[in-house]
$ cat input-v6.csv   # CSV, C-alpha atoms
chain,number,residue,atom,x,y,z
A,4,MET,CA,16.2,16.4,4.5
A,5,ALA,CA,12.7,14.8,4.9
A,6,GLU,CA,11.1,13.1,1.9
A,7,GLU,CA,8.1,14.9,0.6
A,8,MET,CA,5.0,12.8,0.2
A,9,PRO,CA,2.6,13.3,-2.7
A,10,HIS,CA,-0.4,13.3,-0.3
A,11,GLU,CA,-1.2,12.8,3.3
A,12,GLY,CA,-0.9,9.2,4.5
A,13,HIS,CA,1.1,8.1,1.5
A,14,GLU,CA,3.7,6.4,3.8
A,15,LYS,CA,1.0,3.8,4.6
A,16,HIS,CA,0.2,3.0,0.9
A,17,MET,CA,1.3,-0.2,-0.8
A,18,CYS,CA,2.9,1.6,-3.7
A,19,TYR,CA,5.2,3.6,-1.3
A,20,MET,CA,6.0,0.5,0.9
A,21,VAL,CA,6.9,-1.6,-2.2
A,22,GLU,CA,9.1,1.2,-3.5
A,23,LYS,CA,10.9,1.4,-0.1
A,24,GLY,CA,11.5,-2.4,0.0
A,25,ILE,CA,8.9,-3.8,2.4
A,26,LEU,CA,8.2,-6.8,0.2
A,27,LYS,CA,11.8,-7.6,0.0
A,28,ASP,CA,12.7,-6.7,3.6
A,29,ASN,CA,9.6,-7.9,5.5
A,30,PRO,CA,7.4,-10.2,3.4
A,31,GLY,CA,5.4,-11.3,6.5
A,32,GLU,CA,4.2,-7.7,7.0
A,33,PHE,CA,3.4,-7.4,3.3
A,34,LYS,CA,1.4,-10.6,3.3
A,35,ASN,CA,-0.6,-9.4,6.3
A,36,LEU,CA,-1.6,-6.2,4.4
A,37,VAL,CA,-2.8,-8.1,1.3
A,38,LYS,CA,-4.3,-11.2,2.8
A,39,LYS,CA,-8.0,-11.3,2.3
A,40,SER,CA,-7.9,-8.1,0.2
A,41,LYS,CA,-11.2,-6.2,-0.1
A,42,TYR,CA,-9.9,-3.2,-2.1
A,43,PHE,CA,-7.8,-2.5,-5.1
A,44,CYS,CA,-6.0,0.7,-6.1
A,45,SER,CA,-7.4,2.2,-9.3
A,46,GLY,CA,-4.1,3.9,-9.8
A,47,CYS,CA,-1.6,1.0,-9.5
A,48,GLY,CA,-3.7,-2.1,-9.3
A,49,ARG,CA,-2.3,-3.3,-6.0
A,50,THR,CA,-4.7,-4.8,-3.5
A,51,ALA,CA,-5.1,-4.5,0.3
A,52,LYS,CA,-7.5,-5.5,3.0
A,53,ASP,CA,-7.7,-1.9,4.3
A,54,PRO,CA,-8.4,1.1,2.1
A,55,VAL,CA,-5.9,3.2,4.1
A,56,ASN,CA,-3.1,1.2,2.4
A,57,LEU,CA,-4.0,2.4,-1.1
A,58,CYS,CA,-3.9,5.8,-2.9
A,59,ALA,CA,-7.2,5.3,-4.8
A,60,PRO,CA,-9.1,2.5,-3.2
A,61,VAL,CA,-12.1,0.8,-4.8
A,62,LYS,CA,-14.1,-1.9,-3.1
A,63,ILE,CA,-13.7,-5.3,-4.8
$ encode --input "input-v6.csv" --output "structure tokens"
Amino acid sequence: MAEEMPHEGHEKHMCYMVEKGILKDNPGEFKNLVKKSKYFCSGCGRTAKDPVNLCAPVKI
């Protein structure tokens, strides 16, 4: 059975990727997403360089 996402594109969001183990399993990919961050998520506080990787992005 497929996992239901809370909203479209959630599988690209930092909160989902961390929950699924990307930080542990692929730290290089995780570092690439957060290096030179320009946005933070007003929901969870995570940062990313691309707003597509956050649920509620706010420009820093």
$ atom_distance --input "input-v6.csv" --atom1 "atom CA of Gly31 of chain A" --atom2 "atom CA of His10 of chain A"
26.2 Å
$ residues_around --input "input-v6.csv" --residues "Ile25 of chain A" --least-positions-apart "4" --cutoff "12 Å" --atoms "only C-alpha atoms" --output "VMD selection string"
chain A and resid 14 to 21 29 to 36
$ write_last_selection --input "input-v6.csv" --atoms "C-alpha atoms" --output "PDB file, in the coordinates of the input"
ATOM      1  CA  GLU A  14       3.700   6.400   3.800  1.00  0.00           C
ATOM      2  CA  LYS A  15       1.000   3.800   4.600  1.00  0.00           C
ATOM      3  CA  HIS A  16       0.200   3.000   0.900  1.00  0.00           C
ATOM      4  CA  MET A  17       1.300  -0.200  -0.800  1.00  0.00           C
ATOM      5  CA  CYS A  18       2.900   1.600  -3.700  1.00  0.00           C
ATOM      6  CA  TYR A  19       5.200   3.600  -1.300  1.00  0.00           C
ATOM      7  CA  MET A  20       6.000   0.500   0.900  1.00  0.00           C
ATOM      8  CA  VAL A  21       6.900  -1.600  -2.200  1.00  0.00           C
ATOM      9  CA  ASN A  29       9.600  -7.900   5.500  1.00  0.00           C
ATOM     10  CA  PRO A  30       7.400 -10.200   3.400  1.00  0.00           C
ATOM     11  CA  GLY A  31       5.400 -11.300   6.500  1.00  0.00           C
ATOM     12  CA  GLU A  32       4.200  -7.700   7.000  1.00  0.00           C
ATOM     13  CA  PHE A  33       3.400  -7.400   3.300  1.00  0.00           C
ATOM     14  CA  LYS A  34       1.400 -10.600   3.300  1.00  0.00           C
ATOM     15  CA  ASN A  35      -0.600  -9.400   6.300  1.00  0.00           C
ATOM     16  CA  LEU A  36      -1.600  -6.200   4.400  1.00  0.00           C
TER      17      LEU A  36
END
$ atom_distance --input "input-v6.csv" --atom1 "atom CA of Leu26 of chain A" --atom2 "atom CA of Thr50 of chain A"
13.6 Å
$ axis_aligned_box --input "input-v6.csv" --around "segment 39-52 of chain A" --padding-each-side "8 Å" --output "lines of an AutoDock Vina configuration file"
center_x = -6.4
center_y = -3.7
center_z = -3.4
size_x = 25.6
size_y = 31.2
size_z = 28.8
$ residues_around --input "input-v6.csv" --residues "Cys44 of chain A" --least-positions-apart "4" --cutoff "10 Å" --atoms "all atoms listed in the file" --output "MDAnalysis selection string"
chainID A and resid 16:18 48:51 54 56:63
$ atom_distance --input "input-v6.csv" --atom1 "atom CA of Met8 of chain A" --atom2 "atom CA of Val55 of chain A"
15.0 Å
